[in-house]
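Pasted below: final34.txt, compact mmCIF, C-alpha atoms and all ligand atoms.
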# COMPACT_ATOMS: atom_id res chain seq x y z
CA MET A 41 0.00 0.00 0.00
CA GLU A 42 1.25 3.47 -0.88
CA ILE A 43 1.97 5.51 2.23
CA ARG A 44 0.93 9.13 1.76
CA THR A 45 1.92 12.30 3.60
CA VAL A 46 0.18 13.26 6.80
CA ALA A 47 -1.04 16.64 5.48
CA GLU A 48 -2.44 14.97 2.38
CA VAL A 49 -4.44 12.40 4.34
CA LEU A 50 -5.43 14.65 7.26
CA PRO A 51 -5.55 18.18 5.82
CA ALA A 52 -6.07 20.95 8.38
CA GLY A 53 -6.56 24.38 6.88
CA PRO A 54 -7.43 24.39 3.18
CA PRO A 55 -10.87 23.56 1.78
CA LEU A 56 -11.26 19.81 1.24
CA THR A 57 -12.47 17.84 -1.76
CA GLU A 58 -15.51 15.64 -1.30
CA GLN A 59 -13.28 12.56 -0.93
CA GLN A 60 -11.18 14.26 1.74
CA GLN A 61 -14.23 15.24 3.81
CA ILE A 62 -15.55 13.14 6.65
CA GLY A 63 -19.32 12.65 7.04
CA ARG A 64 -22.10 15.04 5.98
CA HIS A 65 -23.14 12.72 3.15
CA ALA A 66 -26.87 13.20 3.53
CA ALA A 67 -26.52 16.97 3.83
CA ARG A 68 -24.43 17.07 0.66
CA ASP A 69 -27.10 15.11 -1.22
CA SER A 70 -29.74 17.50 0.04
CA CYS A 71 -27.67 20.56 -0.86
CA GLN A 72 -27.01 19.25 -4.36
CA GLU A 73 -30.70 18.56 -4.87
CA ARG A 74 -31.69 22.06 -3.75
CA LEU A 75 -29.08 23.68 -5.97
CA LEU A 76 -30.38 21.73 -8.96
CA GLU A 77 -33.84 23.05 -8.07
CA GLY A 78 -32.53 26.60 -8.22
CA SER A 79 -32.67 27.35 -4.49
CA VAL A 80 -30.74 30.14 -2.81
CA LEU A 81 -29.10 28.69 0.31
CA ILE A 82 -27.58 30.63 3.16
CA LEU A 83 -24.64 28.94 4.87
CA MET A 84 -24.16 30.93 8.04
CA GLU A 85 -21.73 29.07 10.31
CA PRO A 86 -18.66 29.84 12.43
CA ARG A 87 -15.12 29.77 11.09
CA ARG A 88 -13.41 26.63 9.86
CA VAL A 89 -16.29 24.24 10.23
CA GLY A 90 -16.26 23.28 6.55
CA LYS A 91 -18.55 25.75 4.74
CA THR A 92 -16.31 26.27 1.72
CA SER A 93 -15.46 22.56 1.46
CA PHE A 94 -19.10 21.59 1.71
CA ALA A 95 -20.41 24.14 -0.79
CA ARG A 96 -17.60 23.46 -3.26
CA ALA A 97 -18.30 19.75 -3.20
CA ALA A 98 -21.99 20.39 -3.88
CA LEU A 99 -21.04 22.69 -6.79
CA ALA A 100 -18.61 20.09 -8.12
CA ARG A 101 -21.51 17.66 -8.27
CA VAL A 102 -23.60 20.15 -10.25
CA ALA A 103 -20.64 20.62 -12.61
CA ALA A 104 -20.21 16.85 -12.94
CA ALA A 105 -23.87 16.68 -14.00
CA GLY A 106 -23.05 19.12 -16.82
CA GLY A 107 -24.09 22.31 -15.02
CA GLN A 108 -22.33 25.65 -15.15
CA THR A 109 -20.71 26.70 -11.90
CA ALA A 110 -18.79 29.63 -10.49
CA GLU A 111 -17.22 30.43 -7.13
CA LEU A 112 -16.32 33.86 -5.83
CA GLN A 113 -14.50 34.66 -2.60
CA LEU A 114 -16.08 38.08 -2.36
CA THR A 115 -13.44 39.41 0.05
CA SER A 116 -10.99 39.19 -2.89
CA TYR A 117 -12.96 41.78 -4.87
CA PRO A 118 -13.10 45.14 -3.14
CA ASP A 119 -15.00 46.50 -6.11
CA PRO A 120 -18.25 44.69 -7.01
CA GLU A 121 -17.60 45.39 -10.69
CA LEU A 122 -14.48 43.23 -10.49
CA ALA A 123 -16.57 40.52 -8.87
CA ALA A 124 -19.02 40.87 -11.78
CA THR A 125 -16.25 40.46 -14.33
CA GLU A 126 -14.90 37.40 -12.58
CA LEU A 127 -18.38 35.90 -12.34
CA ALA A 128 -18.86 36.43 -16.06
CA ARG A 129 -15.45 34.94 -16.81
CA GLN A 130 -16.22 31.77 -14.88
CA LEU A 131 -19.77 31.33 -16.10
CA VAL A 132 -19.01 31.87 -19.73
CA GLY A 133 -16.25 29.29 -19.49
CA GLY A 134 -15.16 28.86 -23.09
CA LEU A 135 -15.29 32.57 -23.80
CA ASP A 136 -12.88 33.68 -21.12
CA ARG A 137 -10.12 34.20 -23.64
CA VAL A 138 -11.93 37.18 -25.08
CA VAL A 139 -13.65 38.56 -22.02
CA GLU A 140 -11.23 40.82 -20.19
CA PRO A 141 -12.18 43.28 -17.52
CA SER A 142 -11.18 46.29 -19.57
CA ARG A 143 -13.58 48.70 -21.17
CA ARG A 144 -11.69 48.59 -24.47
CA SER A 145 -11.95 44.87 -24.85
CA LEU A 146 -15.60 45.03 -23.92
CA ASP A 147 -16.16 47.65 -26.61
CA ARG A 148 -14.48 45.28 -28.99
CA LEU A 149 -16.88 42.56 -27.91
CA ARG A 150 -19.79 44.86 -28.51
CA GLY A 151 -18.53 45.39 -32.08
CA LEU A 152 -18.79 41.66 -32.62
CA SER A 153 -22.55 41.89 -32.78
CA ALA A 154 -22.23 43.56 -36.21
CA PRO A 155 -23.95 41.23 -38.71
CA ALA A 156 -20.76 40.70 -40.75
CA ASP A 157 -19.05 39.02 -37.78
CA ALA A 158 -22.12 37.34 -36.42
CA GLY A 159 -21.22 33.79 -35.53
CA GLY A 160 -23.15 31.63 -33.09
CA GLU A 161 -21.50 33.27 -30.11
CA ALA A 162 -22.01 36.86 -31.20
CA PRO A 163 -25.39 37.55 -29.58
CA LEU A 164 -24.17 35.99 -26.36
CA LEU A 165 -21.02 38.09 -26.36
CA ALA A 166 -22.95 41.24 -27.16
CA ASP A 167 -25.35 40.55 -24.32
CA LEU A 168 -22.51 39.84 -21.98
CA ALA A 169 -20.72 43.02 -22.94
CA LYS A 170 -23.92 44.97 -22.37
CA ALA A 171 -24.34 43.30 -19.03
CA LEU A 172 -20.81 44.16 -18.01
CA LEU A 173 -20.93 47.70 -19.30
CA GLY A 174 -24.55 48.22 -18.39
CA ASP A 175 -24.48 50.39 -15.30
CA ALA A 176 -23.34 50.46 -11.72
CA ARG A 177 -25.37 47.33 -11.08
CA GLY A 178 -22.91 45.20 -13.04
CA PHE A 179 -22.97 42.28 -10.65
CA PRO A 180 -26.75 41.70 -10.73
CA ALA A 181 -26.70 42.22 -14.49
CA VAL A 182 -24.16 39.45 -15.01
CA PHE A 183 -26.15 37.29 -12.62
CA ALA A 184 -29.32 37.91 -14.61
CA HIS A 185 -27.44 37.17 -17.79
CA ALA A 186 -26.23 33.86 -16.39
CA ILE A 187 -29.77 32.87 -15.41
CA ASP A 188 -31.15 33.86 -18.80
CA HIS A 189 -28.53 31.86 -20.65
CA LEU A 190 -28.82 28.60 -18.77
CA PRO A 191 -29.76 25.96 -21.33
CA ALA A 192 -33.48 25.13 -21.19
CA ASP A 193 -32.83 21.76 -19.54
CA GLY A 194 -29.53 22.76 -17.93
CA HIS A 195 -28.45 23.65 -14.44
CA GLY A 196 -26.07 26.02 -12.80
CA ALA A 197 -24.80 26.91 -9.35
CA VAL A 198 -22.87 29.82 -7.90
CA LEU A 199 -21.05 30.05 -4.58
CA LEU A 200 -20.79 33.54 -3.13
CA ASP A 201 -18.29 32.90 -0.35
CA GLU A 202 -17.44 35.45 2.37
CA ALA A 203 -20.65 37.10 1.24
CA HIS A 204 -20.86 39.46 4.25
CA VAL A 205 -18.97 42.01 2.12
CA ILE A 206 -22.16 42.51 0.09
CA ALA A 207 -23.21 44.67 3.07
CA GLN A 208 -20.54 47.18 1.94
CA TRP A 209 -21.85 47.37 -1.64
CA PRO A 210 -23.87 50.40 -2.81
CA LYS A 211 -27.50 50.07 -1.77
CA PRO A 212 -28.95 49.99 -5.34
CA LEU A 213 -26.64 47.08 -6.11
CA GLN A 214 -27.79 45.17 -3.02
CA ASP A 215 -31.44 45.84 -3.88
CA ALA A 216 -31.02 44.71 -7.48
CA LEU A 217 -29.29 41.53 -6.37
CA CYS A 218 -32.04 40.85 -3.85
CA LEU A 219 -34.82 41.24 -6.42
CA LEU A 220 -32.96 38.93 -8.74
CA LEU A 221 -32.36 36.27 -6.12
CA ARG A 222 -36.00 36.39 -5.04
CA ALA A 223 -37.24 35.98 -8.59
CA ASN A 224 -34.69 33.30 -9.44
CA SER A 225 -35.81 29.71 -9.59
CA ARG A 226 -33.21 28.35 -11.99
CA LEU A 227 -29.70 29.04 -10.75
CA GLY A 228 -28.62 27.37 -7.50
CA VAL A 229 -26.88 29.84 -5.21
CA VAL A 230 -24.95 29.40 -1.96
CA ILE A 231 -24.37 32.51 0.11
CA ALA A 232 -21.76 31.65 2.73
CA SER A 233 -19.95 33.51 5.48
CA SER A 234 -18.47 33.01 8.92
CA GLU A 235 -19.09 36.66 9.78
CA THR A 236 -22.40 35.47 11.09
CA ARG A 237 -23.43 38.81 12.58
CA ALA A 238 -22.77 40.76 9.39
CA LEU A 239 -24.44 38.10 7.28
CA ASN A 240 -27.41 38.00 9.60
CA GLU A 241 -27.84 41.76 9.22
CA LEU A 242 -27.82 41.28 5.47
CA VAL A 243 -30.32 38.41 5.24
CA GLY A 244 -32.24 38.99 8.47
CA PRO A 245 -35.19 41.28 9.23
CA GLY A 246 -34.84 44.59 7.40
CA GLY A 247 -31.63 43.44 5.69
CA ALA A 248 -30.91 44.15 2.03
CA LEU A 249 -31.10 40.45 1.17
CA GLN A 250 -34.08 39.56 3.36
CA TYR A 251 -36.13 36.73 1.81
CA ALA A 252 -33.53 36.29 -0.93
CA GLY A 253 -33.03 32.69 0.17
CA TYR A 254 -33.26 30.41 3.18
CA ARG A 255 -30.78 29.12 5.70
CA PHE A 256 -29.23 25.73 5.10
CA PRO A 257 -27.83 24.52 8.44
CA LEU A 258 -24.53 22.69 8.11
CA PRO A 259 -24.93 19.63 10.35
CA ALA A 260 -22.26 18.61 12.82
CA ILE A 261 -20.14 15.66 11.69
CA ASP A 262 -21.63 12.53 13.22
CA PRO A 263 -19.38 10.95 15.93
CA GLY A 264 -19.58 7.58 14.16
CA ASP A 265 -18.45 9.20 10.91
CA TRP A 266 -15.57 10.91 12.72
CA ARG A 267 -14.42 7.60 14.21
CA THR A 268 -14.63 5.68 10.92
CA GLY A 269 -13.13 8.52 8.90
CA LEU A 270 -10.19 9.06 11.21
CA ARG A 271 -9.53 5.31 11.61
CA GLU A 272 -9.38 4.89 7.83
CA ARG A 273 -7.06 7.85 7.46
CA PHE A 274 -4.71 6.56 10.15
CA VAL A 275 -4.60 3.22 8.30
CA LEU A 276 -3.60 5.06 5.11
CA LEU A 277 -0.69 6.46 7.10
CA GLY A 278 0.39 3.01 8.32
CA LEU A 279 -1.11 3.56 11.78
CA SER A 280 -3.77 1.80 13.80
CA ALA A 281 -5.93 3.62 16.36
CA GLN A 282 -8.37 2.09 18.84
CA ASP A 283 -11.90 3.50 19.20
CA GLU A 284 -11.12 4.67 22.72
CA LEU A 285 -8.21 6.80 21.54
CA LEU A 286 -10.24 8.18 18.64
CA ASP A 287 -13.10 9.11 20.96
CA ARG A 288 -10.69 10.90 23.28
CA LEU A 289 -9.13 12.75 20.34
CA ILE A 290 -12.52 13.88 19.05
CA GLU A 291 -13.57 14.96 22.54
CA LEU A 292 -10.36 16.94 23.14
CA ALA A 293 -10.96 18.79 19.87
CA GLY A 294 -14.62 19.39 20.73
CA ALA A 295 -15.44 17.63 17.41
CA HIS A 296 -14.76 20.96 15.70
CA PRO A 297 -13.80 20.06 12.11
CA TYR A 298 -10.56 22.05 11.86
CA ARG A 299 -9.47 21.31 15.43
CA THR A 300 -10.19 17.60 15.10
CA MET A 301 -8.26 17.32 11.85
CA ARG A 302 -5.42 19.40 13.27
CA LEU A 303 -5.11 17.22 16.38
CA ALA A 304 -5.39 14.02 14.33
CA GLN A 305 -2.71 15.31 11.98
CA GLU A 306 -0.32 16.13 14.80
CA THR A 307 -1.04 12.80 16.55
CA ALA A 308 -0.20 10.95 13.35
CA ARG A 309 3.04 12.90 13.04
CA VAL A 310 4.13 11.98 16.56
CA ALA A 311 3.14 8.33 16.13
CA ARG A 312 5.02 8.07 12.85
CA SER A 313 8.15 9.71 14.24
CA LEU A 314 8.64 6.91 16.78
CA PRO A 315 10.20 3.61 15.73
CA SER A 316 7.80 0.68 15.81
CA THR A 317 8.17 -2.95 14.91
CA ALA A 318 4.44 -3.45 14.52
CA ALA A 319 2.73 -2.82 11.18
CA PRO A 320 0.47 -0.96 11.26
CA ALA A 321 2.03 0.93 14.16
CA PRO A 322 -0.32 1.53 17.07
CA VAL A 323 -1.22 5.08 18.08
CA GLY A 324 -0.88 5.48 21.85
CA ASN A 325 -2.21 7.90 24.45
CA GLY A 326 1.29 9.35 24.78
CA ASP A 327 1.22 10.30 21.10
CA LEU A 328 -2.10 12.05 21.58
CA GLU A 329 -0.91 13.92 24.69
CA ALA A 330 2.27 15.09 22.93
CA ALA A 331 0.23 16.26 19.95
CA LEU A 332 -2.15 18.12 22.25
CA LEU A 333 0.76 20.06 23.77
CA THR A 334 1.79 21.18 20.28
CA VAL A 335 -1.63 22.21 19.00
CA ARG A 336 -2.48 24.04 22.23
CA SER A 337 0.32 26.50 21.56
CA ASP A 338 -1.41 27.50 18.34
CA PRO A 339 -3.64 30.58 18.78
CA ALA A 340 -6.18 29.15 16.32
CA TRP A 341 -6.73 26.19 18.64
CA THR A 342 -7.98 28.41 21.46
CA GLU A 343 -9.75 30.88 19.22
CA LEU A 344 -11.88 28.16 17.61
CA GLY A 345 -12.50 26.21 20.83
N1 LIG B 1 -16.16 17.33 6.34
C1 LIG B 1 -14.97 17.56 6.91
N2 LIG B 1 -14.25 16.54 7.41
C2 LIG B 1 -13.07 16.75 8.02
N3 LIG B 1 -12.52 17.95 8.18
C3 LIG B 1 -13.16 18.99 7.70
C4 LIG B 1 -14.41 18.87 7.03
N4 LIG B 1 -14.80 20.11 6.64
C5 LIG B 1 -13.84 20.95 7.05
N5 LIG B 1 -12.85 20.31 7.68
C6 LIG B 1 -11.63 20.90 8.29
O1 LIG B 1 -11.80 22.30 8.39
C7 LIG B 1 -10.82 23.00 7.61
C8 LIG B 1 -11.42 24.25 7.02
O2 LIG B 1 -12.44 23.92 6.07
P1 LIG B 1 -13.21 25.05 5.24
O3 LIG B 1 -14.12 24.37 4.32
O4 LIG B 1 -12.23 26.01 4.66
O5 LIG B 1 -14.05 25.77 6.40
P2 LIG B 1 -14.80 27.18 6.39
O6 LIG B 1 -15.10 27.54 4.97
O7 LIG B 1 -16.04 26.95 7.22
O8 LIG B 1 -13.88 28.16 7.06
C9 LIG B 1 -10.33 21.98 6.60
O9 LIG B 1 -9.00 22.21 6.17
C10 LIG B 1 -10.41 20.69 7.41
O10 LIG B 1 -9.29 20.54 8.25
MG MG B 2 -14.52 29.32 3.94

Here is a file; write its structure as structure tokens.
Amino acid sequence: MEIRTVAEVLPAGPPLTEQQQIGRHAARDSCQERLLEGSVLILMEPRRVGKTSFARAALARVAAAGGQTAELQLTSYPDPELAATELARQLVGGLDRVVEPSRRSLDRLRGLSAPADAGGEAPLLADLAKALLGDARGFPAVFAHAIDHLPADGHGAVLLDEAHVIAQWPKPLQDALCLLLRANSRLGVVIASSETRALNELVGPGGALQYAGYRFPLPAIDPGDWRTGLRERFVLLGLSAQDELLDRLIELAGAHPYRTMRLAQETARVARSLPSTAAPAPVGNGDLEAALLTVRSDPAWTELG
């Protein structure tokens, strides 16, 4: 059996692929189903519990079924027009070579709608250019464009991650987006953020995005799934862990997804650093205690506890 690296098998930090994730199977099925139905889902959960991983995996399933998908980390786009351009770039996949966020290139695109150049893509490009150039409400315009251009029997899903920044957008932009989301019944949308207070102000009573969608609670990872998932991952690392040790590990981490993976990762490192004649090598309480000392010195451990 190929022995893989600890960080590969027990990743703590980056978003995880569906295969890397432990548990939440039923919730993922349900999320996928709702996205295919064109629902707008609000993922309002604390930091590092798996929002991005979960939503991405659901989007990946929509993409695997032939749907169009896009993901925006909205904190990366201080200007909503840049977010609009990036959304257009991702949604109009094959056309991204020609769609650049500059006015000149968009003007060029607009010229393409002249009958002499009119190929199959011309009306689409012209529409897109209009949407991008349209007005200050660029983001909703691109959104509307994406909804309008979904194939009749096709699907699509968009993840707006770190979406609390929408609260900083100009009010007309927020209102336009809200109207669009309320009227939408075709494009699946996930609105996610760990800034739960800011997001709540946005989607809660009196907020700019009130009634734009409904909350999708991210379930805790089932203890049985944790145990099975961690045991399997330890085996991949050439280690064997008893249920009792796994239960203690999960309890020490409060079953918080990042903390549990972080402690498991460090425990595996300690266990693998010690010589053992047994194969697979057993993970002992001493390994867990040593790992706990290390992770406790990390500010994130306390902050997320
Ligand atoms: N289903 C899961 N199984 C195991 N660990 C998970 C799971 N989801 C998240 N994690 C852990 O949490 C970390 C952060 O995940 P991420 O999706 O970025 O969370 P968020 O978007 O809520 O901040 C991951 O690197 C991983 O260690
Ligand atoms: Mg995230």

Which residue of A:Leu81, A:Val198, A:Leu219, A:Leu292 approaches A:Glu111 most closely, using only C-alpha atoms: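 Of all the options, A:Val198 lies closest to A:Glu111.
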
Atom pair atom CA of A:Pro118 / atom O8 of ligand LIG 1 (chain B): separation (Å):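 Straight-line distance from atom CA of A:Pro118 to atom O8 of ligand LIG 1 (chain B) works out to 19.8 Å.
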
Within 7 Å of ligand MG 2 (chain B), counting all atoms listed in the file: which residues, as an MDAnalysis selection string? chainID A and resid 88 90:92 201:202

Could you jot down the atom CA of A:Lys211 to atom CA of A:Tyr254 separation for me, Å, one decimal place?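 Interatomic distance here is 21.1 Å.
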
Residue nearest A:Val275 among A:Ala184, A:Ala308, A:Ala98, A:Leu289 (counting only C-alpha atoms):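 The shortest atom-to-atom distance to A:Val275 comes from A:Ala308.
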
Please identify all protein, DNA and RNA residues within 6 Å of ligand LIG 1 (chain B), counting all atoms listed in the file, and report them as a ChimeraX atom specification. /A:51-56,61-63,87-93,297-298,301

Restrict the selected residues to C-alpha atoms and save them as an mmCIF file, in the coordinates of the input.
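Dumped to result11.cif:
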data_model
loop_
_atom_site.group_PDB
_atom_site.id
_atom_site.type_symbol
_atom_site.label_atom_id
_atom_site.label_comp_id
_atom_site.auth_asym_id
_atom_site.auth_seq_id
_atom_site.Cartn_x
_atom_site.Cartn_y
_atom_site.Cartn_z
ATOM 1 C CA PRO A 51 -5.550 18.180 5.820
ATOM 2 C CA ALA A 52 -6.070 20.950 8.380
ATOM 3 C CA GLY A 53 -6.560 24.380 6.880
ATOM 4 C CA PRO A 54 -7.430 24.390 3.180
ATOM 5 C CA PRO A 55 -10.870 23.560 1.780
ATOM 6 C CA LEU A 56 -11.260 19.810 1.240
ATOM 7 C CA GLN A 61 -14.230 15.240 3.810
ATOM 8 C CA ILE A 62 -15.550 13.140 6.650
ATOM 9 C CA GLY A 63 -19.320 12.650 7.040
ATOM 10 C CA ARG A 87 -15.120 29.770 11.090
ATOM 11 C CA ARG A 88 -13.410 26.630 9.860
ATOM 12 C CA VAL A 89 -16.290 24.240 10.230
ATOM 13 C CA GLY A 90 -16.260 23.280 6.550
ATOM 14 C CA LYS A 91 -18.550 25.750 4.740
ATOM 15 C CA THR A 92 -16.310 26.270 1.720
ATOM 16 C CA SER A 93 -15.460 22.560 1.460
ATOM 17 C CA PRO A 297 -13.800 20.060 12.110
ATOM 18 C CA TYR A 298 -10.560 22.050 11.860
ATOM 19 C CA MET A 301 -8.260 17.320 11.850
#

Find the residues around stretch 339-345 of chain A up to 9 Å (all atoms listed in the file counted), leave out those fewer than 4 positions away in its own chain, and share them as a list in words.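 Skipping anything fewer than 4 positions along the chain leaves Pro86, Arg87, Arg88, Ala293, Gly294, His296, Tyr298, Arg299, Arg302 and Val335 of chain A.
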
Need the axis-aligned box for stretch 116-122 of chain A with 4 Å each side, so what are the centre and edges in Å to one decimal, as AutoDock Vina command-line options?
--center_x -14.6 --center_y 42.8 --center_z -6.8 --size_x 15.3 --size_y 15.3 --size_z 15.8

Smallest atom-to-atom distance to A:Arg68: which of A:Leu200, A:Leu112, A:Leu258, A:Ala104, using all atoms listed in the file?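 Looking only at the distances to A:Arg68, the closest residue turns out to be A:Leu258.
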
Considering all atoms listed in the file, state which residue in the set A:Ile206, A:Leu122, A:Leu276, A:Leu220 is at the smallest distance from A:Ala248. A:Ile206

So, counting only C-alpha atoms, which residue among A:Leu249, A:Leu213, A:Val46, A:Val80 is closest to A:Ala311?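 Closest to A:Ala311, using only C-alpha atoms: A:Val46.
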
Between atom CA of A:Arg96 and atom CA of A:Asp262 - distance in Å to one decimal: 20.2 Å

Could you check which of A:Arg226, A:Thr125, A:Leu114, A:Asn240 is closest to A:Leu199, using all atoms listed in the file?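 Closest candidate: A:Leu114.
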